[in-house]
$ cat my_file-v5.cif   # mmCIF, C-alpha atoms and all ligand atoms
data_protein
#
loop_
_atom_site.group_PDB
_atom_site.id
_atom_site.type_symbol
_atom_site.label_atom_id
_atom_site.label_comp_id
_atom_site.auth_asym_id
_atom_site.auth_seq_id
_atom_site.Cartn_x
_atom_site.Cartn_y
_atom_site.Cartn_z
ATOM 1 C CA MET A 8 -16.947 -10.138 26.162
ATOM 2 C CA SER A 9 -14.378 -7.602 24.987
ATOM 3 C CA ASP A 10 -17.254 -5.764 23.268
ATOM 4 C CA LEU A 11 -19.096 -5.586 26.595
ATOM 5 C CA ARG A 12 -15.947 -4.358 28.319
ATOM 6 C CA HIS A 13 -15.806 -1.398 25.960
ATOM 7 C CA LEU A 14 -19.340 -0.428 26.933
ATOM 8 C CA ILE A 15 -18.253 0.255 30.538
ATOM 9 C CA ARG A 16 -17.346 3.900 31.161
ATOM 10 C CA THR A 17 -14.436 4.522 33.527
ATOM 11 C CA ILE A 18 -14.493 7.705 35.593
ATOM 12 C CA PRO A 19 -11.167 8.423 37.344
ATOM 13 C CA ASP A 20 -11.180 9.833 40.882
ATOM 14 C CA TYR A 21 -14.919 9.279 41.486
ATOM 15 C CA PRO A 22 -16.321 9.406 44.134
ATOM 16 C CA LYS A 23 -12.910 10.213 45.619
ATOM 17 C CA PRO A 24 -9.283 10.456 44.497
ATOM 18 C CA GLY A 25 -7.673 7.149 43.543
ATOM 19 C CA ILE A 26 -10.902 5.307 42.702
ATOM 20 C CA MET A 27 -11.552 4.280 39.094
ATOM 21 C CA PHE A 28 -15.348 4.211 39.021
ATOM 22 C CA ARG A 29 -16.622 1.551 36.603
ATOM 23 C CA ASP A 30 -19.878 3.056 35.358
ATOM 24 C CA VAL A 31 -22.174 0.316 34.047
ATOM 25 C CA THR A 32 -24.983 2.700 33.010
ATOM 26 C CA THR A 33 -23.370 3.025 29.572
ATOM 27 C CA LEU A 34 -23.623 -0.753 29.089
ATOM 28 C CA MET A 35 -27.196 -0.784 30.388
ATOM 29 C CA GLY A 36 -28.124 1.959 27.939
ATOM 30 C CA ASN A 37 -26.953 -0.095 24.956
ATOM 31 C CA ALA A 38 -29.749 -2.459 23.881
ATOM 32 C CA ALA A 39 -27.528 -5.176 22.377
ATOM 33 C CA GLY A 40 -24.964 -4.885 25.157
ATOM 34 C CA PHE A 41 -27.534 -5.070 27.942
ATOM 35 C CA LYS A 42 -29.204 -8.111 26.386
ATOM 36 C CA ALA A 43 -25.870 -9.897 25.878
ATOM 37 C CA ALA A 44 -24.790 -9.122 29.443
ATOM 38 C CA ILE A 45 -28.020 -10.449 30.979
ATOM 39 C CA GLU A 46 -27.821 -13.609 28.858
ATOM 40 C CA ALA A 47 -24.201 -14.188 29.912
ATOM 41 C CA MET A 48 -24.924 -13.565 33.610
ATOM 42 C CA ALA A 49 -27.837 -16.024 33.567
ATOM 43 C CA ALA A 50 -26.152 -18.689 31.392
ATOM 44 C CA PRO A 51 -24.154 -20.540 34.104
ATOM 45 C CA PHE A 52 -27.367 -20.995 36.108
ATOM 46 C CA GLN A 53 -29.816 -21.963 33.319
ATOM 47 C CA SER A 54 -29.545 -25.665 34.078
ATOM 48 C CA GLU A 55 -29.631 -25.223 37.860
ATOM 49 C CA LYS A 56 -32.628 -24.936 40.143
ATOM 50 C CA ILE A 57 -32.737 -21.272 41.169
ATOM 51 C CA ASP A 58 -35.746 -20.215 43.271
ATOM 52 C CA ALA A 59 -34.965 -16.488 43.306
ATOM 53 C CA VAL A 60 -32.398 -13.857 42.409
ATOM 54 C CA ALA A 61 -31.367 -11.551 45.263
ATOM 55 C CA GLY A 62 -30.274 -8.201 43.818
ATOM 56 C CA ILE A 63 -28.223 -5.726 45.828
ATOM 57 C CA GLU A 64 -29.331 -2.065 45.814
ATOM 58 C CA ALA A 65 -29.219 -0.277 43.489
ATOM 59 C CA ARG A 66 -27.592 -1.436 40.244
ATOM 60 C CA GLY A 67 -28.097 -5.038 41.339
ATOM 61 C CA PHE A 68 -31.854 -4.422 41.068
ATOM 62 C CA ILE A 69 -31.646 -3.554 37.373
ATOM 63 C CA LEU A 70 -29.449 -6.520 36.471
ATOM 64 C CA GLY A 71 -31.028 -8.909 38.966
ATOM 65 C CA GLY A 72 -34.578 -8.263 37.799
ATOM 66 C CA ALA A 73 -33.633 -9.025 34.212
ATOM 67 C CA VAL A 74 -31.631 -12.139 35.197
ATOM 68 C CA ALA A 75 -34.585 -13.375 37.292
ATOM 69 C CA ASP A 76 -36.896 -12.958 34.303
ATOM 70 C CA ARG A 77 -34.483 -14.944 32.146
ATOM 71 C CA LEU A 78 -34.246 -17.725 34.762
ATOM 72 C CA SER A 79 -38.041 -17.652 35.255
ATOM 73 C CA CYS A 80 -37.672 -17.178 38.995
ATOM 74 C CA GLY A 81 -38.606 -14.549 41.564
ATOM 75 C CA PHE A 82 -36.656 -11.462 42.625
ATOM 76 C CA ILE A 83 -35.718 -10.421 46.178
ATOM 77 C CA PRO A 84 -34.375 -6.929 46.956
ATOM 78 C CA ILE A 85 -31.477 -6.514 49.385
ATOM 79 C CA ARG A 86 -31.547 -2.875 50.432
ATOM 80 C CA LYS A 87 -29.710 -0.317 52.522
ATOM 81 C CA LYS A 88 -30.949 -0.066 56.102
ATOM 82 C CA GLY A 89 -34.400 1.464 56.620
ATOM 83 C CA LYS A 90 -35.730 1.125 53.058
ATOM 84 C CA LEU A 91 -37.752 -2.107 53.210
ATOM 85 C CA PRO A 92 -41.341 -1.733 54.515
ATOM 86 C CA TRP A 93 -41.877 -5.096 56.296
ATOM 87 C CA LYS A 94 -39.974 -6.956 59.051
ATOM 88 C CA THR A 95 -36.310 -7.196 58.145
ATOM 89 C CA ILE A 96 -33.108 -8.818 59.230
ATOM 90 C CA GLY A 97 -29.912 -6.817 58.833
ATOM 91 C CA GLN A 98 -26.263 -7.570 58.305
ATOM 92 C CA GLN A 99 -23.425 -5.204 59.062
ATOM 93 C CA TYR A 100 -20.349 -5.100 56.835
ATOM 94 C CA THR A 101 -17.150 -3.117 56.752
ATOM 95 C CA LEU A 102 -16.445 -0.332 54.298
ATOM 96 C CA GLU A 103 -13.094 1.342 53.723
ATOM 97 C CA TYR A 104 -14.139 3.902 56.337
ATOM 98 C CA GLY A 105 -16.695 2.679 58.865
ATOM 99 C CA VAL A 106 -19.545 0.199 58.536
ATOM 100 C CA ASP A 107 -22.851 -0.121 56.697
ATOM 101 C CA ILE A 108 -25.928 -2.339 57.021
ATOM 102 C CA ILE A 109 -27.971 -4.103 54.353
ATOM 103 C CA GLU A 110 -31.359 -5.683 54.994
ATOM 104 C CA ILE A 111 -33.689 -8.321 53.569
ATOM 105 C CA HIS A 112 -37.338 -9.000 54.366
ATOM 106 C CA ALA A 113 -37.386 -11.647 57.092
ATOM 107 C CA ASP A 114 -39.923 -13.746 55.143
ATOM 108 C CA ALA A 115 -38.444 -13.280 51.646
ATOM 109 C CA ILE A 116 -36.849 -16.740 51.529
ATOM 110 C CA LYS A 117 -38.303 -20.103 52.517
ATOM 111 C CA PRO A 118 -35.931 -22.603 54.153
ATOM 112 C CA GLY A 119 -33.928 -24.514 51.561
ATOM 113 C CA GLU A 120 -34.615 -22.154 48.669
ATOM 114 C CA ARG A 121 -31.708 -21.702 46.294
ATOM 115 C CA ILE A 122 -30.802 -18.044 45.801
ATOM 116 C CA LEU A 123 -28.544 -16.389 43.204
ATOM 117 C CA ILE A 124 -26.874 -13.120 44.302
ATOM 118 C CA VAL A 125 -26.565 -10.452 41.572
ATOM 119 C CA ASP A 126 -24.724 -7.125 41.669
ATOM 120 C CA ASP A 127 -23.005 -4.938 39.088
ATOM 121 C CA LEU A 128 -19.494 -5.132 40.496
ATOM 122 C CA ILE A 129 -17.484 -6.973 43.130
ATOM 123 C CA ALA A 130 -14.514 -5.216 44.732
ATOM 124 C CA THR A 131 -13.530 -6.363 48.256
ATOM 125 C CA GLY A 132 -16.559 -8.654 48.367
ATOM 126 C CA GLY A 133 -17.786 -7.186 51.653
ATOM 127 C CA THR A 134 -21.238 -6.319 50.278
ATOM 128 C CA ALA A 135 -21.782 -9.673 48.574
ATOM 129 C CA GLU A 136 -20.478 -11.550 51.633
ATOM 130 C CA ALA A 137 -23.026 -9.698 53.791
ATOM 131 C CA ALA A 138 -25.763 -10.605 51.264
ATOM 132 C CA ALA A 139 -24.700 -14.275 51.459
ATOM 133 C CA LYS A 140 -24.897 -14.139 55.265
ATOM 134 C CA LEU A 141 -28.406 -12.644 55.097
ATOM 135 C CA ILE A 142 -29.542 -15.419 52.753
ATOM 136 C CA SER A 143 -28.063 -18.107 55.019
ATOM 137 C CA ARG A 144 -29.637 -16.543 58.127
ATOM 138 C CA THR A 145 -33.092 -16.696 56.518
ATOM 139 C CA GLY A 146 -32.554 -20.424 55.840
ATOM 140 C CA GLY A 147 -31.788 -20.037 52.134
ATOM 141 C CA LEU A 148 -28.913 -21.621 50.221
ATOM 142 C CA VAL A 149 -26.567 -19.422 48.185
ATOM 143 C CA ALA A 150 -26.625 -21.091 44.768
ATOM 144 C CA GLY A 151 -24.107 -18.657 43.307
ATOM 145 C CA ALA A 152 -23.160 -15.038 42.733
ATOM 146 C CA ALA A 153 -23.031 -13.251 39.372
ATOM 147 C CA PHE A 154 -21.455 -9.889 38.551
ATOM 148 C CA LEU A 155 -20.788 -7.839 35.458
ATOM 149 C CA VAL A 156 -17.417 -6.611 36.691
ATOM 150 C CA ASP A 157 -14.726 -8.050 38.971
ATOM 151 C CA LEU A 158 -11.867 -6.028 40.433
ATOM 152 C CA PRO A 159 -9.541 -9.011 41.062
ATOM 153 C CA ASP A 160 -6.867 -6.980 42.837
ATOM 154 C CA LEU A 161 -9.335 -6.494 45.706
ATOM 155 C CA GLY A 162 -10.010 -10.216 46.155
ATOM 156 C CA GLY A 163 -13.819 -10.266 46.361
ATOM 157 C CA LEU A 164 -14.396 -13.381 44.270
ATOM 158 C CA ASP A 165 -11.759 -15.257 46.285
ATOM 159 C CA LEU A 166 -13.536 -14.222 49.492
ATOM 160 C CA LEU A 167 -16.868 -15.590 48.218
ATOM 161 C CA ARG A 168 -15.224 -18.780 46.974
ATOM 162 C CA SER A 169 -13.668 -19.276 50.433
ATOM 163 C CA HIS A 170 -17.279 -19.521 51.668
ATOM 164 C CA GLY A 171 -17.998 -22.172 49.007
ATOM 165 C CA VAL A 172 -20.005 -19.804 46.783
ATOM 166 C CA SER A 173 -19.896 -20.469 43.028
ATOM 167 C CA THR A 174 -18.986 -17.117 41.437
ATOM 168 C CA HIS A 175 -19.137 -15.694 37.916
ATOM 169 C CA ALA A 176 -18.064 -12.312 36.530
ATOM 170 C CA LEU A 177 -18.208 -11.296 32.879
ATOM 171 C CA MET A 178 -15.081 -9.142 32.883
ATOM 172 C CA ALA A 179 -12.259 -7.889 35.088
ATOM 173 C CA PHE A 180 -10.448 -4.578 35.488
ATOM 174 C CA SER A 181 -7.131 -4.284 37.296
ATOM 175 C CA GLY A 182 -6.727 -1.762 40.077
ATOM 176 C CA HIS A 183 -9.286 -0.223 42.419
HETATM 177 P P1 LIG A 201 -17.346 -4.345 47.733
HETATM 178 O O1 LIG A 201 -18.298 -4.549 48.889
HETATM 179 O O2 LIG A 201 -16.036 -3.788 48.152
HETATM 180 O O3 LIG A 201 -17.203 -5.623 46.917
HETATM 181 O O4 LIG A 201 -17.981 -3.224 46.796
HETATM 182 C C1 LIG A 201 -18.987 -3.563 45.890
HETATM 183 C C2 LIG A 201 -20.038 -2.515 45.798
HETATM 184 O O5 LIG A 201 -19.488 -1.195 45.716
HETATM 185 C C3 LIG A 201 -20.886 -2.728 44.561
HETATM 186 O O6 LIG A 201 -22.262 -2.524 44.885
HETATM 187 C C4 LIG A 201 -20.375 -1.694 43.572
HETATM 188 O O7 LIG A 201 -21.439 -1.123 42.859
HETATM 189 C C5 LIG A 201 -19.639 -0.658 44.406
HETATM 190 N N1 LIG A 201 -18.273 -0.364 43.909
HETATM 191 C C6 LIG A 201 -17.110 -0.629 44.572
HETATM 192 N N2 LIG A 201 -16.037 -0.223 43.867
HETATM 193 C C7 LIG A 201 -16.509 0.284 42.706
HETATM 194 C C8 LIG A 201 -15.881 0.846 41.525
HETATM 195 N N3 LIG A 201 -14.537 0.976 41.392
HETATM 196 N N4 LIG A 201 -16.695 1.261 40.513
HETATM 197 C C9 LIG A 201 -18.044 1.144 40.618
HETATM 198 N N5 LIG A 201 -18.682 0.634 41.698
HETATM 199 C C10 LIG A 201 -17.932 0.199 42.742
#
$ encode --input "my_file-v5.cif" --output "C-alpha cells"
Amino acid sequence: MSDLRHLIRTIPDYPKPGIMFRDVTTLMGNAAGFKAAIEAMAAPFQSEKIDAVAGIEARGFILGGAVADRLSCGFIPIRKKGKLPWKTIGQQYTLEYGVDIIEIHADAIKPGERILIVDDLIATGGTAEAAAKLISRTGGLVAGAAFLVDLPDLGGLDLLRSHGVSTHALMAFSGH
C-alpha cells in the first residue's frame, strides 16, 4: 500500500488555505496503481453478498464503477442536488460552511438489498453518513463503505462505525 500512497498527489492550500488536497487523479492515471487500488477496495467484500455499489459524485463514480465490475454487481450514482433525471430522495448534510444535499433515485434500491458505499476519500464523514442515510431510507442495507484515503484526524471512519457500518480505507494521511 505504500506504493499506492506515493501515487497520491498532495496540493497544499487547495481549494483554500490550510487544506491539504489529496489528489487521487495521479493514482487513477497509473495503470498498475489503479488496478491494485480497485482490487484492494473490492477484496474485503468479495465473499459477501453485495447487490450494488453506490458511488458518490464525482470521484466515487470512477472508483465505484470499477469496484462494482469487480464484484459483479450493479452501480448506483449518488449525486449533488438537481443532477438525477428521475424521482429522487435527498439528504442534507453539514459542510464546514453551510449545508449541501445529495440525492439518489427513489427506485434505485429494492428493500433489503445490500449496498456498498464507495468514495475516494473520507474526512469528517458527513458525505458518507448522508449516503448511508439515503440508502437506509430507500430500504437498503449498508453492507460497508470503502475509500482510497482516510483522514483519521477528522474522525469520519469512527462516525460511520458508530452507525454500525463496516469501513475500509487503503491508506491514511494525518491532518486536514
Ligand atoms: P467529508 O464529508 O468531510 O468526509 O468529505 C469527503 C468528501 O470531500 C469526499 O468526497 C472528498 O472527495 C472530499 N474531500 C474532503 N477533504 C478532502 C481533501 N483533503 N482532499 C481531497 N478531497 C477531500
$ atom_distance --input "my_file-v5.cif" --atom1 "atom CA of Val60 of chain A" --atom2 "atom CA of Asn37 of chain A"
22.9 Å
$ residues_near_ligand --input "my_file-v5.cif" --ligand "ligand LIG 201 (chain A)" --cutoff "8 Å" --atoms "all atoms listed in the file" --output "ChimeraX atom specification"
/A:26-31,63-67,102,126-136,158,161,163,183
$ write_last_selection --input "my_file-v5.cif" --atoms "C-alpha atoms" --output "tab-separated table (two decimals), in the coordinates of the input"
chain	number	residue	atom	x	y	z
A	26	ILE	CA	-10.90	5.31	42.70
A	27	MET	CA	-11.55	4.28	39.09
A	28	PHE	CA	-15.35	4.21	39.02
A	29	ARG	CA	-16.62	1.55	36.60
A	30	ASP	CA	-19.88	3.06	35.36
A	31	VAL	CA	-22.17	0.32	34.05
A	63	ILE	CA	-28.22	-5.73	45.83
A	64	GLU	CA	-29.33	-2.06	45.81
A	65	ALA	CA	-29.22	-0.28	43.49
A	66	ARG	CA	-27.59	-1.44	40.24
A	67	GLY	CA	-28.10	-5.04	41.34
A	102	LEU	CA	-16.44	-0.33	54.30
A	126	ASP	CA	-24.72	-7.12	41.67
A	127	ASP	CA	-23.00	-4.94	39.09
A	128	LEU	CA	-19.49	-5.13	40.50
A	129	ILE	CA	-17.48	-6.97	43.13
A	130	ALA	CA	-14.51	-5.22	44.73
A	131	THR	CA	-13.53	-6.36	48.26
A	132	GLY	CA	-16.56	-8.65	48.37
A	133	GLY	CA	-17.79	-7.19	51.65
A	134	THR	CA	-21.24	-6.32	50.28
A	135	ALA	CA	-21.78	-9.67	48.57
A	136	GLU	CA	-20.48	-11.55	51.63
A	158	LEU	CA	-11.87	-6.03	40.43
A	161	LEU	CA	-9.34	-6.49	45.71
A	163	GLY	CA	-13.82	-10.27	46.36
A	183	HIS	CA	-9.29	-0.22	42.42
$ closest_residue --input "my_file-v5.cif" --among "A:Leu155, A:Leu166, A:Ser143, A:Ala59" --to "Ala179 of chain A" --atoms "only C-alpha atoms"
A:Leu155
$ resolve_selection --input "my_file-v5.cif" --expression "the PyMOL selection byres (((chain A and resi 150) around 7) and not hetatm)" --output "list in words"
Arg121, Ile122, Leu123, Leu148, Val149, Gly151 and Ser173 of chain A
$ residues_around --input "my_file-v5.cif" --residues "Arg86 of chain A" --least-positions-apart "3" --cutoff "10 Å" --atoms "all atoms listed in the file" --output "VMD selection string"
chain A and resid 62 to 65 67 to 68 83 89 to 91 97 108 to 112 138
$ residues_around --input "my_file-v5.cif" --residues "Gly25 of chain A" --least-positions-apart "5" --cutoff "12 Å" --atoms "only C-alpha atoms" --output "list of chain:residue names"
A:Ile18, A:Pro19, A:Asp20, A:Gly182, A:His183
$ closest_residue --input "my_file-v5.cif" --among "A:Thr145, A:Ala139, A:His175, A:Pro84" --to "Ala61 of chain A" --atoms "all atoms listed in the file"
A:Pro84
$ atom_distance --input "my_file-v5.cif" --atom1 "atom CA of Pro118 of chain A" --atom2 "atom CA of Gly81 of chain A"
15.2 Å
$ resolve_selection --input "my_file-v5.cif" --expression "the PyMOL selection byres (((chain A and resi 14) around 8) and not hetatm)" --output "list in words"
Asp10, Leu11, Arg12, His13, Ile15, Arg16, Val31, Thr33, Leu34, Asn37 and Gly40 of chain A
$ atom_distance --input "my_file-v5.cif" --atom1 "atom CA of Val74 of chain A" --atom2 "atom CA of Pro92 of chain A"
24.0 Å
$ resolve_selection --input "my_file-v5.cif" --expression "the PyMOL selection byres (((chain A and resi 50) around 12) and not hetatm)" --output "list in words"
Ala43, Ala44, Ile45, Glu46, Ala47, Met48, Ala49, Pro51, Phe52, Gln53, Ser54, Glu55, Val74, Ala75, Arg77, Leu78, Ala153, His175, Ala176 and Leu177 of chain A
$ closest_residue --input "my_file-v5.cif" --among "A:Thr174, A:Thr32, A:Thr101, A:Ser169" --to "Val125 of chain A" --atoms "all atoms listed in the file"
A:Thr174
$ closest_residue --input "my_file-v5.cif" --among "A:Ala137, A:Ala39, A:Gly147, A:Cys80" --to "Ala113 of chain A" --atoms "all atoms listed in the file"
A:Gly147
$ closest_residue --input "my_file-v5.cif" --among "A:Ser181, A:His170, A:Trp93, A:Lys117" --to "Asp157 of chain A" --atoms "all atoms listed in the file"
A:Ser181
